[in-house]
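Enquirer: Data file structure12.cif (mmCIF, C-alpha atoms and all ligand atoms) is appended below.
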data_structure
loop_
_atom_site.group_PDB
_atom_site.id
_atom_site.type_symbol
_atom_site.label_atom_id
_atom_site.label_comp_id
_atom_site.auth_asym_id
_atom_site.auth_seq_id
_atom_site.Cartn_x
_atom_site.Cartn_y
_atom_site.Cartn_z
ATOM 1 C CA MET W 154 14.943 -0.114 -2.987
ATOM 2 C CA ILE W 155 13.616 -1.047 -6.415
ATOM 3 C CA ILE W 156 13.893 -4.379 -8.174
ATOM 4 C CA LEU W 157 13.045 -4.551 -11.873
ATOM 5 C CA LEU W 158 11.876 -7.791 -13.416
ATOM 6 C CA LEU W 159 12.498 -8.045 -17.153
ATOM 7 C CA GLY W 160 11.556 -10.866 -19.493
ATOM 8 C CA ALA W 161 9.091 -11.804 -22.185
ATOM 9 C CA PRO W 162 5.384 -12.238 -21.469
ATOM 10 C CA GLY W 163 4.874 -15.574 -19.757
ATOM 11 C CA ALA W 164 8.498 -15.813 -18.574
ATOM 12 C CA GLY W 165 7.383 -15.935 -14.935
ATOM 13 C CA LYS W 166 7.774 -12.337 -13.744
ATOM 14 C CA GLY W 167 4.494 -12.370 -11.836
ATOM 15 C CA THR W 168 5.343 -15.672 -10.136
ATOM 16 C CA GLN W 169 8.755 -14.425 -9.037
ATOM 17 C CA ALA W 170 7.284 -11.116 -7.903
ATOM 18 C CA ALA W 171 4.824 -12.997 -5.674
ATOM 19 C CA LEU W 172 7.675 -15.022 -4.141
ATOM 20 C CA LEU W 173 9.746 -11.877 -3.590
ATOM 21 C CA ASN W 174 6.775 -10.235 -1.957
ATOM 22 C CA LYS W 175 6.308 -13.186 0.380
ATOM 23 C CA LYS W 176 9.958 -13.474 1.411
ATOM 24 C CA TYR W 177 11.034 -9.837 1.583
ATOM 25 C CA GLY W 178 7.746 -7.960 1.905
ATOM 26 C CA LEU W 179 8.448 -5.950 -1.231
ATOM 27 C CA LYS W 180 5.432 -4.454 -2.919
ATOM 28 C CA HIS W 181 4.635 -5.843 -6.369
ATOM 29 C CA ILE W 182 3.746 -3.231 -8.965
ATOM 30 C CA SER W 183 2.675 -4.727 -12.288
ATOM 31 C CA THR W 184 1.651 -2.221 -14.949
ATOM 32 C CA GLY W 185 -0.413 -5.001 -16.572
ATOM 33 C CA ASP W 186 -2.290 -5.503 -13.279
ATOM 34 C CA LEU W 187 -2.756 -1.746 -12.862
ATOM 35 C CA LEU W 188 -4.326 -1.605 -16.321
ATOM 36 C CA ARG W 189 -6.521 -4.667 -15.682
ATOM 37 C CA GLU W 190 -7.758 -2.977 -12.504
ATOM 38 C CA GLU W 191 -8.729 0.096 -14.580
ATOM 39 C CA ILE W 192 -10.614 -2.174 -16.979
ATOM 40 C CA LYS W 193 -12.392 -3.895 -14.117
ATOM 41 C CA ASN W 194 -13.442 -0.535 -12.683
ATOM 42 C CA ASN W 195 -14.535 0.677 -16.104
ATOM 43 C CA THR W 196 -12.538 3.913 -15.842
ATOM 44 C CA PRO W 197 -11.782 6.101 -18.903
ATOM 45 C CA VAL W 198 -8.237 4.656 -19.045
ATOM 46 C CA GLY W 199 -9.616 1.128 -18.705
ATOM 47 C CA LYS W 200 -12.096 1.666 -21.515
ATOM 48 C CA LYS W 201 -9.340 2.766 -23.882
ATOM 49 C CA ALA W 202 -6.839 0.137 -22.751
ATOM 50 C CA ALA W 203 -9.058 -2.950 -23.055
ATOM 51 C CA ALA W 204 -9.037 -3.367 -26.835
ATOM 52 C CA ILE W 205 -5.362 -2.433 -27.139
ATOM 53 C CA MET W 206 -4.332 -5.012 -24.549
ATOM 54 C CA GLU W 207 -6.536 -7.666 -26.074
ATOM 55 C CA SER W 208 -4.731 -7.257 -29.389
ATOM 56 C CA GLY W 209 -1.367 -7.674 -27.673
ATOM 57 C CA ALA W 210 -0.142 -4.149 -28.493
ATOM 58 C CA LEU W 211 1.323 -1.694 -25.963
ATOM 59 C CA VAL W 212 -0.907 0.989 -24.536
ATOM 60 C CA PRO W 213 0.324 4.587 -25.017
ATOM 61 C CA ASP W 214 2.842 5.887 -22.480
ATOM 62 C CA ASP W 215 0.608 8.685 -21.219
ATOM 63 C CA MET W 216 -1.997 6.141 -20.149
ATOM 64 C CA ILE W 217 0.518 4.214 -18.057
ATOM 65 C CA LEU W 218 2.500 7.040 -16.537
ATOM 66 C CA GLY W 219 -0.151 8.396 -14.169
ATOM 67 C CA LEU W 220 -0.965 4.901 -12.897
ATOM 68 C CA LEU W 221 2.706 4.131 -12.416
ATOM 69 C CA LYS W 222 3.474 7.353 -10.546
ATOM 70 C CA ASN W 223 0.579 6.795 -8.138
ATOM 71 C CA ALA W 224 1.649 3.222 -7.499
ATOM 72 C CA LEU W 225 5.288 4.209 -6.943
ATOM 73 C CA ASN W 226 4.305 6.972 -4.529
ATOM 74 C CA ALA W 227 2.132 4.566 -2.576
ATOM 75 C CA GLY W 228 4.724 1.826 -2.810
ATOM 76 C CA GLY W 229 6.749 2.543 0.301
ATOM 77 C CA LYS W 230 10.322 1.426 0.783
ATOM 78 C CA GLY W 231 10.641 -1.704 -1.297
ATOM 79 C CA ILE W 232 9.206 -2.197 -4.756
ATOM 80 C CA ILE W 233 9.285 -4.884 -7.415
ATOM 81 C CA LEU W 234 8.415 -3.413 -10.772
ATOM 82 C CA ASP W 235 7.061 -5.845 -13.369
ATOM 83 C CA GLY W 236 6.011 -4.851 -16.889
ATOM 84 C CA TYR W 237 7.756 -1.475 -16.916
ATOM 85 C CA PRO W 238 9.908 -0.313 -18.674
ATOM 86 C CA ARG W 239 8.727 -1.876 -21.904
ATOM 87 C CA THR W 240 10.343 0.579 -24.334
ATOM 88 C CA ALA W 241 13.527 2.646 -24.423
ATOM 89 C CA ALA W 242 11.443 5.785 -23.814
ATOM 90 C CA GLN W 243 9.920 4.184 -20.700
ATOM 91 C CA ALA W 244 13.387 3.224 -19.474
ATOM 92 C CA ARG W 245 14.486 6.874 -19.689
ATOM 93 C CA GLU W 246 11.286 7.988 -17.954
ATOM 94 C CA LEU W 247 11.799 5.479 -15.171
ATOM 95 C CA ASP W 248 15.327 6.706 -14.633
ATOM 96 C CA ARG W 249 13.944 10.235 -14.131
ATOM 97 C CA LEU W 250 11.211 8.998 -11.778
ATOM 98 C CA ILE W 251 13.597 6.971 -9.630
ATOM 99 C CA LYS W 252 16.026 9.872 -9.334
ATOM 100 C CA ALA W 253 13.206 12.245 -8.390
ATOM 101 C CA MET W 254 12.123 9.820 -5.664
ATOM 102 C CA GLY W 255 15.668 9.679 -4.330
ATOM 103 C CA GLU W 256 15.518 5.910 -4.824
ATOM 104 C CA LYS W 257 17.971 3.406 -6.258
ATOM 105 C CA ILE W 258 17.743 0.271 -8.344
ATOM 106 C CA LYS W 259 18.886 -2.664 -6.259
ATOM 107 C CA ALA W 260 18.636 -5.312 -8.963
ATOM 108 C CA VAL W 261 17.467 -5.837 -12.528
ATOM 109 C CA VAL W 262 16.590 -9.474 -13.095
ATOM 110 C CA ASN W 263 16.011 -10.645 -16.662
ATOM 111 C CA ILE W 264 14.164 -13.970 -16.876
ATOM 112 C CA LYS W 265 15.128 -15.686 -20.136
ATOM 113 C CA LEU W 266 12.994 -18.274 -21.912
ATOM 114 C CA SER W 267 12.722 -19.694 -25.451
ATOM 115 C CA GLU W 268 9.925 -18.303 -27.621
ATOM 116 C CA GLU W 269 8.395 -21.738 -28.100
ATOM 117 C CA GLU W 270 8.079 -22.276 -24.352
ATOM 118 C CA ILE W 271 6.725 -18.754 -23.923
ATOM 119 C CA VAL W 272 3.792 -19.276 -26.297
ATOM 120 C CA ASN W 273 3.050 -22.683 -24.747
ATOM 121 C CA ARG W 274 2.995 -21.212 -21.267
ATOM 122 C CA ILE W 275 0.866 -18.227 -22.199
ATOM 123 C CA ILE W 276 -1.886 -20.247 -23.827
ATOM 124 C CA MET W 277 -1.958 -22.681 -20.866
ATOM 125 C CA ARG W 278 -2.123 -19.912 -18.238
ATOM 126 C CA ARG W 279 -5.300 -19.585 -16.183
ATOM 127 C CA GLN W 280 -6.464 -17.386 -13.328
ATOM 128 C CA CYS W 281 -8.995 -17.901 -10.572
ATOM 129 C CA LYS W 282 -11.637 -15.203 -10.406
ATOM 130 C CA LYS W 283 -12.324 -15.898 -6.753
ATOM 131 C CA CYS W 284 -8.863 -15.845 -5.133
ATOM 132 C CA GLY W 285 -6.757 -14.337 -7.945
ATOM 133 C CA ASN W 286 -4.383 -17.324 -8.070
ATOM 134 C CA ILE W 287 -2.520 -17.542 -11.401
ATOM 135 C CA PHE W 288 -1.541 -21.069 -12.409
ATOM 136 C CA ASN W 289 -0.427 -22.974 -15.471
ATOM 137 C CA LEU W 290 -1.975 -26.156 -16.844
ATOM 138 C CA ARG W 291 1.418 -26.967 -18.343
ATOM 139 C CA PHE W 292 2.735 -27.756 -14.862
ATOM 140 C CA MET W 293 -0.268 -29.709 -13.600
ATOM 141 C CA LYS W 294 -0.700 -33.482 -13.897
ATOM 142 C CA ASN W 295 -4.464 -33.290 -14.107
ATOM 143 C CA PHE W 296 -6.796 -30.348 -14.189
ATOM 144 C CA ASP W 297 -10.383 -30.765 -13.042
ATOM 145 C CA GLY W 298 -11.452 -27.231 -13.999
ATOM 146 C CA LYS W 299 -10.993 -26.013 -10.420
ATOM 147 C CA CYS W 300 -8.497 -23.572 -8.934
ATOM 148 C CA PRO W 301 -5.723 -25.644 -7.274
ATOM 149 C CA LYS W 302 -5.507 -23.111 -4.439
ATOM 150 C CA CYS W 303 -9.100 -22.409 -3.371
ATOM 151 C CA GLY W 304 -11.102 -25.029 -5.320
ATOM 152 C CA SER W 305 -13.359 -22.494 -7.024
ATOM 153 C CA GLY W 306 -14.651 -23.469 -10.461
ATOM 154 C CA ASP W 307 -14.568 -19.828 -11.570
ATOM 155 C CA VAL W 308 -11.388 -20.180 -13.594
ATOM 156 C CA TYR W 309 -10.763 -18.050 -16.679
ATOM 157 C CA GLN W 310 -8.189 -17.245 -19.336
ATOM 158 C CA ARG W 311 -6.896 -13.702 -19.765
ATOM 159 C CA PRO W 312 -8.310 -12.227 -23.004
ATOM 160 C CA ASP W 313 -4.780 -11.607 -24.326
ATOM 161 C CA ASP W 314 -3.601 -15.154 -23.541
ATOM 162 C CA ASN W 315 -4.849 -16.692 -26.793
ATOM 163 C CA GLU W 316 -2.350 -17.790 -29.428
ATOM 164 C CA ALA W 317 -2.782 -14.846 -31.837
ATOM 165 C CA ALA W 318 -2.410 -12.175 -29.140
ATOM 166 C CA ALA W 319 0.459 -14.093 -27.509
ATOM 167 C CA LYS W 320 2.362 -14.159 -30.803
ATOM 168 C CA HIS W 321 1.757 -10.460 -31.292
ATOM 169 C CA ARG W 322 2.949 -9.738 -27.732
ATOM 170 C CA LEU W 323 6.117 -11.661 -28.498
ATOM 171 C CA GLU W 324 6.733 -9.594 -31.633
ATOM 172 C CA VAL W 325 6.226 -6.397 -29.650
ATOM 173 C CA TYR W 326 8.560 -7.762 -26.989
ATOM 174 C CA ARG W 327 11.268 -8.598 -29.536
ATOM 175 C CA ALA W 328 11.061 -5.226 -31.299
ATOM 176 C CA GLN W 329 10.478 -2.820 -28.415
ATOM 177 C CA THR W 330 11.084 -4.404 -25.026
ATOM 178 C CA ALA W 331 14.093 -6.699 -25.478
ATOM 179 C CA PRO W 332 16.301 -3.667 -26.387
ATOM 180 C CA VAL W 333 15.593 -2.175 -22.930
ATOM 181 C CA VAL W 334 18.229 -4.558 -21.600
ATOM 182 C CA GLU W 335 20.906 -2.322 -23.160
ATOM 183 C CA PHE W 336 20.263 0.223 -20.408
ATOM 184 C CA PHE W 337 21.201 -2.274 -17.692
ATOM 185 C CA LYS W 338 23.285 -5.123 -19.007
ATOM 186 C CA ASP W 339 26.675 -3.650 -18.109
ATOM 187 C CA LYS W 340 25.687 -2.720 -14.544
ATOM 188 C CA ASP W 341 26.726 -4.879 -11.636
ATOM 189 C CA PHE W 342 23.122 -4.998 -10.417
ATOM 190 C CA TYR W 343 22.055 -6.784 -13.635
ATOM 191 C CA LYS W 344 21.383 -10.537 -13.578
ATOM 192 C CA GLU W 345 20.073 -12.993 -16.161
ATOM 193 C CA VAL W 346 18.342 -16.143 -14.965
ATOM 194 C CA ASP W 347 17.185 -19.174 -16.915
ATOM 195 C CA GLY W 348 13.384 -19.268 -16.669
ATOM 196 C CA ILE W 349 12.915 -22.844 -17.884
ATOM 197 C CA ARG W 350 13.624 -24.282 -14.435
ATOM 198 C CA PRO W 351 10.964 -24.724 -11.732
ATOM 199 C CA ALA W 352 9.846 -21.428 -10.174
ATOM 200 C CA GLU W 353 11.445 -22.285 -6.785
ATOM 201 C CA LYS W 354 14.847 -22.835 -8.416
ATOM 202 C CA VAL W 355 14.618 -19.574 -10.319
ATOM 203 C CA PHE W 356 13.651 -17.870 -7.080
ATOM 204 C CA GLU W 357 16.601 -19.363 -5.201
ATOM 205 C CA GLU W 358 18.967 -17.829 -7.727
ATOM 206 C CA ILE W 359 17.242 -14.456 -7.599
ATOM 207 C CA SER W 360 17.282 -14.468 -3.773
ATOM 208 C CA LYS W 361 21.000 -15.208 -3.677
ATOM 209 C CA PHE W 362 21.680 -12.370 -6.063
ATOM 210 C CA ILE W 363 19.612 -9.894 -4.090
ATOM 211 C CA GLU W 364 21.166 -10.858 -0.776
ATOM 212 C CA LYS W 365 24.763 -10.739 -1.918
HETATM 213 P P1 LIG W 401 2.713 -9.960 -19.954
HETATM 214 O O1 LIG W 401 3.978 -9.677 -19.202
HETATM 215 O O2 LIG W 401 2.296 -11.396 -19.841
HETATM 216 O O3 LIG W 401 2.731 -9.450 -21.364
HETATM 217 P P2 LIG W 401 1.325 -7.827 -18.569
HETATM 218 O O4 LIG W 401 0.252 -8.072 -17.597
HETATM 219 O O5 LIG W 401 2.624 -7.290 -18.072
HETATM 220 O O6 LIG W 401 1.510 -9.221 -19.291
HETATM 221 O O7 LIG W 401 0.827 -6.833 -19.700
HETATM 222 C C1 LIG W 401 -0.378 -7.034 -20.406
HETATM 223 C C2 LIG W 401 -0.601 -5.915 -21.419
HETATM 224 O O8 LIG W 401 -0.710 -4.651 -20.710
HETATM 225 C C3 LIG W 401 0.506 -5.663 -22.428
HETATM 226 O O9 LIG W 401 0.431 -6.538 -23.542
HETATM 227 C C4 LIG W 401 0.242 -4.187 -22.804
HETATM 228 O O10 LIG W 401 -0.837 -4.057 -23.676
HETATM 229 C C5 LIG W 401 -0.164 -3.577 -21.487
HETATM 230 N N1 LIG W 401 0.995 -3.016 -20.749
HETATM 231 C C6 LIG W 401 1.480 -3.439 -19.551
HETATM 232 N N2 LIG W 401 2.544 -2.702 -19.175
HETATM 233 C C7 LIG W 401 2.749 -1.791 -20.164
HETATM 234 C C8 LIG W 401 3.688 -0.750 -20.383
HETATM 235 N N3 LIG W 401 4.680 -0.509 -19.510
HETATM 236 N N4 LIG W 401 3.588 -0.004 -21.523
HETATM 237 C C9 LIG W 401 2.621 -0.245 -22.418
HETATM 238 N N5 LIG W 401 1.701 -1.217 -22.285
HETATM 239 C C10 LIG W 401 1.746 -1.985 -21.180
#
Take the structure from the file and write it as structure tokens.
Ligand code: ADP

Expert:
Amino acid sequence: MIILLLGAPGAGKGTQAALLNKKYGLKHISTGDLLREEIKNNTPVGKKAAAIMESGALVPDDMILGLLKNALNAGGKGIILDGYPRTAAQARELDRLIKAMGEKIKAVVNIKLSEEEIVNRIIMRRQCKKCGNIFNLRFMKNFDGKCPKCGSGDVYQRPDDNEAAAKHRLEVYRAQTAPVVEFFKDKDFYKEVDGIRPAEKVFEEISKFIEK
């Protein structure tokens, strides 16, 4: 069973994927995370991907495909895919991969959000180096520089979460990724949700859709 999460950068795909993982035990595969792992490990793919990602552009398909295939093969029975497909070509590739695995798409959830809110959220997003928690200053009353989950002061901003890269990512999203919805929007497993609401509310709606 495969669930695809669509939506602009910053729309909340990672947050929803974490909630889905917790409730249903589905494995979260994020192509962005796979690439960041390559960068961390200083692999040849990571070395090439770093500057591209930092600019907000897409990395070439051939760099993603191997990582994605490995993750899908290791993924087991239930998978949430976040960050792929990002182009029409990737959508066709994914269709081939899923068929070859003998798998099926259970749901495609598109999280919608205004562009203004997206940029605000992206530039306020932070991550804890110690525990990996991703949080947003936009939703916190006061921020003392510490991770709200583990209290570590080792909090950082993703290198592509500055305003210039965020705007570029949005342009790429508009031109290349938003059209991917055409592949799914007429299917009965397709669902749009309004991402402006609190994460728990968005999750409630997604859960209902998946369980129906
Ligand atoms: P966001 O959803 O906030 O944009 P991601 O972590 O999904 O963040 O992606 C970060 C970056 O990783 C993208 O801007 C892009 O450079 C690269 N990336 C991730 N997934 C893909 C993909 N499927 N194809 C090409 N590039 C990708």

Enquirer: Might you pull out every residue within 9 Å of W:Leu211, with only C-alpha atoms counted and same-chain residues fewer than 4 positions away left off, and present them as a VMD selection string?

Expert: chain W and resid 202 205 to 206 239 322 325

Enquirer: So for stretch 228-245 of chain W, what box centre and size do we get, axis-aligned, 8 Å extra on each of the six sides, every listed atom, Å to one decimal, as AutoDock Vina command-line options?

Expert:
--center_x 9.6 --center_y 0.5 --center_z -11.8 --size_x 25.8 --size_y 28.7 --size_z 41.2

Enquirer: What residues of the protein or nucleic acid chains come within 8 Å of ligand LIG 401 (chain W) when you use all atoms listed in the file? Reply as number ranges by chain.

Expert: W: 160-164, 166-167, 183-186, 188-189, 202, 205-214, 217, 235-240, 243, 275, 313-314, 322

Enquirer: For a quick check of understanding, using only C-alpha atoms, which of W:Leu221, W:Val334, W:Ile232, W:Cys303 has the smallest distance to W:Ala171?

Expert: W:Ile232

Enquirer: To one decimal place in Å, what is the distance between atom CA of W:Leu172 and atom CA of W:Glu191?

Expert: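 According to the coordinates, atom CA of W:Leu172 and atom CA of W:Glu191 are separated by 24.6 Å.
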
Enquirer: Quick one: contact table of stretch 218-242 of chain W to stretch 251-267 of chain W, 9 Å max, nearest atom pair and distance in Å to one decimal per residue, counting all atoms listed in the file, chain and number order, as a tab-separated table?

Expert:
residue	atom	partner	partner_atom	distance
W:Leu225	CA	W:Met254	CA	8.9
W:Asn226	CA	W:Met254	CA	8.4
W:Lys230	CA	W:Glu256	CA	8.9

Enquirer: Name the closest residue to W:Gln310 among the candidates W:Gly199, W:Phe336, W:Gln329, W:Arg279; distances are taken between atoms, counting only C-alpha atoms.

Expert: W:Arg279

Enquirer: Which residue is closest to W:Asn273? Choose from W:Arg350, W:Arg249, W:Lys320, W:Lys299 and count only C-alpha atoms.

Expert: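 Smallest separation from W:Asn273 among the options: W:Lys320.
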
Enquirer: Check which residues satisfy the PyMOL selection byres (((chain W and resi 276) around 8) and not hetatm) in the file shown, then give them as a list in words.

Expert: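 Applying the expression gives Val272, Asn273, Arg274, Ile275, Met277, Arg278, Asp314, Asn315, Glu316 and Ala319 of chain W.
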
Enquirer: With all atoms listed in the file as the atoms that count, which of W:Cys281, W:Asp339, W:Ser360, W:Met216 lies nearest to W:Lys201?

Expert: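 Under the stated criterion, the closest residue is W:Met216.
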
Enquirer: When you draw a straight line from atom CA of W:Ile233 to atom CA of W:Leu157, how long is it in Å?

Expert: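 These two atoms are separated by 5.8 Å.
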
Enquirer: Could you check how far atom CA of W:Lys361 sits from atom CA of W:Gly229, in Å to one decimal?

Expert: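 Computed distance, atom CA of W:Lys361 to atom CA of W:Gly229, equals 23.1 Å.
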
Enquirer: With distances taken over only C-alpha atoms, which of W:Met154, W:Leu323, W:Ala352, W:Leu187 is nearest to W:Glu269?

Expert: W:Leu323

Enquirer: Determine the nearest neighbour of W:Leu247 from the options W:Ile349, W:Asn194, W:Leu218, W:Ile271, counting all atoms listed in the file.

Expert: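 Between W:Ile349, W:Asn194, W:Leu218, W:Ile271, the residue approaching W:Leu247 most closely is W:Leu218.
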
Enquirer: So which residues are close to (-3.3, -24.1, -13.1), meaning at most 10 Å away in the file's coordinates with only C-alpha atoms counted, and can you show them as a VMD selection string?

Expert: chain W and resid 277 to 281 286 to 302 308

Enquirer: Which polymer residues have any atom within 12 Å of an atom of W:Glu353, counting all atoms listed in the file, with same-chain residues fewer than 2 positions away left out, as an MDAnalysis selection string?

Expert: chainID W and resid 165 168:173 348:351 355:360

Enquirer: Using the incomplete input, complete stretch 300-332 of chain W to the level of N, CA and C atoms; output as a short mmCIF file (atom, residue, chain, number, x, y, z; two decimals), keeping the file's coordinate frame.

Expert:
data_model
loop_
_atom_site.label_atom_id
_atom_site.label_comp_id
_atom_site.auth_asym_id
_atom_site.auth_seq_id
_atom_site.Cartn_x
_atom_site.Cartn_y
_atom_site.Cartn_z
N CYS W 300 -9.71 -24.25 -9.38
CA CYS W 300 -8.50 -23.57 -8.93
C CYS W 300 -7.76 -24.48 -7.94
N PRO W 301 -6.45 -24.76 -8.18
CA PRO W 301 -5.72 -25.64 -7.27
C PRO W 301 -5.51 -25.04 -5.88
N LYS W 302 -5.73 -23.74 -5.74
CA LYS W 302 -5.51 -23.11 -4.44
C LYS W 302 -6.79 -23.08 -3.60
N CYS W 303 -7.89 -22.59 -4.19
CA CYS W 303 -9.10 -22.41 -3.37
C CYS W 303 -10.25 -23.33 -3.78
N GLY W 304 -10.08 -24.06 -4.92
CA GLY W 304 -11.10 -25.03 -5.32
C GLY W 304 -12.28 -24.43 -6.07
N SER W 305 -12.25 -23.11 -6.30
CA SER W 305 -13.36 -22.49 -7.02
C SER W 305 -13.36 -22.96 -8.49
N GLY W 306 -14.56 -23.08 -9.06
CA GLY W 306 -14.65 -23.47 -10.46
C GLY W 306 -14.65 -22.26 -11.37
N ASP W 307 -14.52 -21.06 -10.78
CA ASP W 307 -14.57 -19.83 -11.57
C ASP W 307 -13.18 -19.49 -12.10
N VAL W 308 -12.74 -20.31 -13.05
CA VAL W 308 -11.39 -20.18 -13.59
C VAL W 308 -11.49 -19.60 -15.00
N TYR W 309 -10.66 -18.65 -15.34
CA TYR W 309 -10.76 -18.05 -16.68
C TYR W 309 -9.39 -17.85 -17.31
N GLN W 310 -9.43 -17.52 -18.59
CA GLN W 310 -8.19 -17.24 -19.34
C GLN W 310 -8.15 -15.76 -19.65
N ARG W 311 -7.02 -15.13 -19.44
CA ARG W 311 -6.90 -13.70 -19.76
C ARG W 311 -7.20 -13.49 -21.24
N PRO W 312 -7.92 -12.40 -21.60
CA PRO W 312 -8.31 -12.23 -23.00
C PRO W 312 -7.11 -12.09 -23.96
N ASP W 313 -5.94 -11.71 -23.42
CA ASP W 313 -4.78 -11.61 -24.33
C ASP W 313 -3.89 -12.85 -24.24
N ASP W 314 -4.39 -13.92 -23.64
CA ASP W 314 -3.60 -15.15 -23.54
C ASP W 314 -3.98 -16.20 -24.60
N ASN W 315 -4.62 -15.75 -25.69
CA ASN W 315 -4.85 -16.69 -26.79
C ASN W 315 -3.62 -16.68 -27.71
N GLU W 316 -3.58 -17.63 -28.65
CA GLU W 316 -2.35 -17.79 -29.43
C GLU W 316 -2.02 -16.56 -30.30
N ALA W 317 -3.04 -15.98 -30.94
CA ALA W 317 -2.78 -14.85 -31.84
C ALA W 317 -2.23 -13.66 -31.05
N ALA W 318 -2.88 -13.33 -29.93
CA ALA W 318 -2.41 -12.18 -29.14
C ALA W 318 -1.05 -12.48 -28.53
N ALA W 319 -0.83 -13.73 -28.11
CA ALA W 319 0.46 -14.09 -27.51
C ALA W 319 1.58 -13.90 -28.52
N LYS W 320 1.32 -14.32 -29.77
CA LYS W 320 2.36 -14.16 -30.80
C LYS W 320 2.63 -12.68 -31.06
N HIS W 321 1.57 -11.89 -31.07
CA HIS W 321 1.76 -10.46 -31.29
C HIS W 321 2.54 -9.84 -30.13
N ARG W 322 2.22 -10.26 -28.91
CA ARG W 322 2.95 -9.74 -27.73
C ARG W 322 4.43 -10.08 -27.83
N LEU W 323 4.71 -11.28 -28.35
CA LEU W 323 6.12 -11.66 -28.50
C LEU W 323 6.84 -10.79 -29.52
N GLU W 324 6.13 -10.47 -30.62
CA GLU W 324 6.73 -9.59 -31.63
C GLU W 324 7.02 -8.22 -31.04
N VAL W 325 6.04 -7.71 -30.30
CA VAL W 325 6.23 -6.40 -29.65
C VAL W 325 7.40 -6.47 -28.68
N TYR W 326 7.46 -7.58 -27.95
CA TYR W 326 8.56 -7.76 -26.99
C TYR W 326 9.91 -7.72 -27.70
N ARG W 327 10.00 -8.51 -28.80
CA ARG W 327 11.27 -8.60 -29.54
C ARG W 327 11.69 -7.23 -30.06
N ALA W 328 10.73 -6.49 -30.64
CA ALA W 328 11.06 -5.23 -31.30
C ALA W 328 11.28 -4.09 -30.30
N GLN W 329 10.45 -4.02 -29.26
CA GLN W 329 10.48 -2.82 -28.42
C GLN W 329 11.02 -3.04 -27.01
N THR W 330 10.74 -4.22 -26.44
CA THR W 330 11.08 -4.40 -25.03
C THR W 330 12.46 -5.04 -24.83
N ALA W 331 12.79 -6.05 -25.66
CA ALA W 331 14.09 -6.70 -25.48
C ALA W 331 15.25 -5.68 -25.49
N PRO W 332 15.20 -4.65 -26.37
CA PRO W 332 16.30 -3.67 -26.39
C PRO W 332 16.48 -2.89 -25.08
#
